[in-house]
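Colleague: I'd like to ask you about the structure that follows.
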Amino acid sequence: MQPVTEKNLDGYGTPAIDWTRVSDRLASHIPLEPESEGPGRHTTWLATTNPDGSPHVMPLGALWIDDAFYFTSGPGTRKSKNIAKHPESAITLSTHDFDLVFEGEPERVTDQEDLERIAKLYGKGEWHPEVENGAFVAEFSAPSAGPPPWYLYRLRPKRIYALGTSEPYGATRFDF
């Protein structure tokens, strides 16, 4: 995935963040790393829009695979209902080098091969979902996911903001 355009957002003379640095960090499979406790862990947050226009933000276990985020949500949860009505969403992630914001429209994944492939990748961690009737089922999931089954969603970013949190800092917007 290569950005179509990039814009330096830094107001202090710092050069634009090089896309290769961001891409390499994402390729290091941050969300696939074993979770640690406290501020060293890598939590992803999903922001959607409620029917009244107010924001809805929830943590979730998202995986960055093939230039997209994958995450699950029960059909009765607020986030799934919001995605169905107003798909424009954002996922955020903090890393050592960058705070990252990914904007796009999640789409439900229903292809059996894709579901099985992503279930296996989730299975590398502590969660071991199985595919059943176009969704995931498992003994447990995150409390915010609602009861099973869980839909699998894919968010391919249309825009990514990278805000440097270490030298040389900077802030850059990448459009795809």
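Following the order of the structure tokens, first chain is A, next is B, and so on, with residues numbered from 1 inside each chain and ligands from 1 in the order they appear.
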Using only C-alpha atoms, determine which residues lie at most 9 Å from A:Thr44, disregarding the query and same-chain residues fewer than 3 positions distant; provide the list as a ChimeraX atom specification.
Modeller: /A:31,58-63,91-94
Colleague: Name the residues of stretch 95-162 of chain A that come out as alpha helix (DSSP H) in a backbone DSSP run; write them as a list in words.
Modeller: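 Everything in stretch 95-162 of chain A that counts as alpha helix (DSSP H) is Gln112, Glu113, Asp114, Leu115, Glu116, Arg117, Ile118, Ala119, Lys120, Leu121 and Tyr122 of chain A.
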Colleague: Next, dump the selected residues to file, keeping only N, CA and C atoms, as a PDB file, in the first residue's frame.
Modeller:
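Contents of part-v3.pdb, as written:
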```pdb
ATOM      1  N   GLN A 112     -15.705 -17.291   3.082  1.00  0.00           N
ATOM      2  CA  GLN A 112     -15.298 -18.392   3.960  1.00  0.00           C
ATOM      3  C   GLN A 112     -13.782 -18.490   4.093  1.00  0.00           C
ATOM      4  N   GLU A 113     -13.063 -18.383   2.977  1.00  0.00           N
ATOM      5  CA  GLU A 113     -11.593 -18.474   3.029  1.00  0.00           C
ATOM      6  C   GLU A 113     -11.001 -17.354   3.869  1.00  0.00           C
ATOM      7  N   ASP A 114     -11.491 -16.129   3.683  1.00  0.00           N
ATOM      8  CA  ASP A 114     -10.998 -14.995   4.474  1.00  0.00           C
ATOM      9  C   ASP A 114     -11.308 -15.197   5.950  1.00  0.00           C
ATOM     10  N   LEU A 115     -12.527 -15.643   6.257  1.00  0.00           N
ATOM     11  CA  LEU A 115     -12.896 -15.877   7.656  1.00  0.00           C
ATOM     12  C   LEU A 115     -11.971 -16.910   8.297  1.00  0.00           C
ATOM     13  N   GLU A 116     -11.720 -18.007   7.610  1.00  0.00           N
ATOM     14  CA  GLU A 116     -10.862 -19.056   8.163  1.00  0.00           C
ATOM     15  C   GLU A 116      -9.425 -18.585   8.323  1.00  0.00           C
ATOM     16  N   ARG A 117      -8.936 -17.821   7.353  1.00  0.00           N
ATOM     17  CA  ARG A 117      -7.554 -17.309   7.429  1.00  0.00           C
ATOM     18  C   ARG A 117      -7.390 -16.375   8.626  1.00  0.00           C
ATOM     19  N   ILE A 118      -8.334 -15.463   8.825  1.00  0.00           N
ATOM     20  CA  ILE A 118      -8.225 -14.515   9.929  1.00  0.00           C
ATOM     21  C   ILE A 118      -8.447 -15.218  11.269  1.00  0.00           C
ATOM     22  N   ALA A 119      -9.339 -16.197  11.315  1.00  0.00           N
ATOM     23  CA  ALA A 119      -9.544 -16.962  12.548  1.00  0.00           C
ATOM     24  C   ALA A 119      -8.242 -17.640  12.973  1.00  0.00           C
ATOM     25  N   LYS A 120      -7.500 -18.188  12.011  1.00  0.00           N
ATOM     26  CA  LYS A 120      -6.212 -18.825  12.327  1.00  0.00           C
ATOM     27  C   LYS A 120      -5.216 -17.808  12.867  1.00  0.00           C
ATOM     28  N   LEU A 121      -5.228 -16.603  12.309  1.00  0.00           N
ATOM     29  CA  LEU A 121      -4.311 -15.572  12.799  1.00  0.00           C
ATOM     30  C   LEU A 121      -4.679 -15.127  14.214  1.00  0.00           C
ATOM     31  N   TYR A 122      -5.961 -14.972  14.490  1.00  0.00           N
ATOM     32  CA  TYR A 122      -6.376 -14.689  15.873  1.00  0.00           C
ATOM     33  C   TYR A 122      -5.945 -15.835  16.779  1.00  0.00           C
TER      34      TYR A 122
END
```
Colleague: I want to know what sits within 12 Å of A:Ser166, based on only C-alpha atoms, with residues of the same chain fewer than 5 positions away left out; could you give that as a VMD selection string?
Modeller: chain A and resid 17 94 to 99 171
Colleague: Mind dumping the selected residues with N, CA and C atoms as a compact mmCIF listing (two decimals), in the first residue's frame?
Modeller:
```txt
# COMPACT_ATOMS: atom_id res chain seq x y z
N ILE A 17 6.85 12.85 8.06
CA ILE A 17 7.22 11.49 8.45
C ILE A 17 7.26 10.64 7.18
N SER A 94 -1.57 3.48 19.45
CA SER A 94 -0.33 4.14 19.90
C SER A 94 0.80 3.13 19.86
N THR A 95 1.92 3.54 19.30
CA THR A 95 3.13 2.73 19.30
C THR A 95 4.24 3.58 19.91
N HIS A 96 5.40 3.00 20.05
CA HIS A 96 6.53 3.78 20.60
C HIS A 96 6.87 4.96 19.70
N ASP A 97 6.82 4.75 18.39
CA ASP A 97 7.26 5.78 17.44
C ASP A 97 6.17 6.72 16.96
N PHE A 98 4.92 6.23 16.96
CA PHE A 98 3.83 7.02 16.38
C PHE A 98 2.53 6.80 17.14
N ASP A 99 1.71 7.82 17.17
CA ASP A 99 0.28 7.66 17.42
C ASP A 99 -0.32 7.66 16.03
N ALA A 171 4.36 15.25 12.13
CA ALA A 171 2.96 14.88 11.94
C ALA A 171 2.66 14.90 10.45
```
Colleague: Which residues are near stretch 86-90 of chain A? Cut-off 6 Å, only C-alpha atoms, ignore same chain within fewer than 3 positions. Put them as number ranges by chain.
Modeller: A: 46-48, 82-83, 102-105
Colleague: For the selection you just gave me, I'd like the residues written to a file as a short mmCIF file (atom, residue, chain, number, x, y, z; two decimals), in the first residue's frame, keeping C-alpha atoms.
Modeller:
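So the final result, stored in selection_0.cif, reads:
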```cif
data_model
loop_
_atom_site.label_atom_id
_atom_site.label_comp_id
_atom_site.auth_asym_id
_atom_site.auth_seq_id
_atom_site.Cartn_x
_atom_site.Cartn_y
_atom_site.Cartn_z
CA LEU A 46 -12.65 2.01 17.21
CA ALA A 47 -14.61 5.25 16.88
CA THR A 48 -18.05 5.16 15.24
CA ASN A 82 -23.36 2.28 14.02
CA ILE A 83 -21.28 0.77 11.20
CA PHE A 102 -6.80 5.15 10.45
CA GLU A 103 -9.95 6.47 8.77
CA GLY A 104 -12.16 4.33 6.54
CA GLU A 105 -15.39 2.37 6.25
#
```
Colleague: Using DSSP assignments from the backbone, pull out every residue in chain A that falls under strand (DSSP E or B) and give it to me as number ranges by chain.
Modeller: A: 5-8, 44-49, 55-60, 63-65, 68-73, 89-94, 98-104, 107-109, 130-132, 135-137, 150-155, 159-164, 171-175
Colleague: For A:Pro129, which residue out of A:Gly13, A:His56, A:Pro51, A:Pro148 is the nearest one, using only C-alpha atoms?
Modeller: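 Of the candidates, the smallest distance to A:Pro129 is held by A:Pro148.
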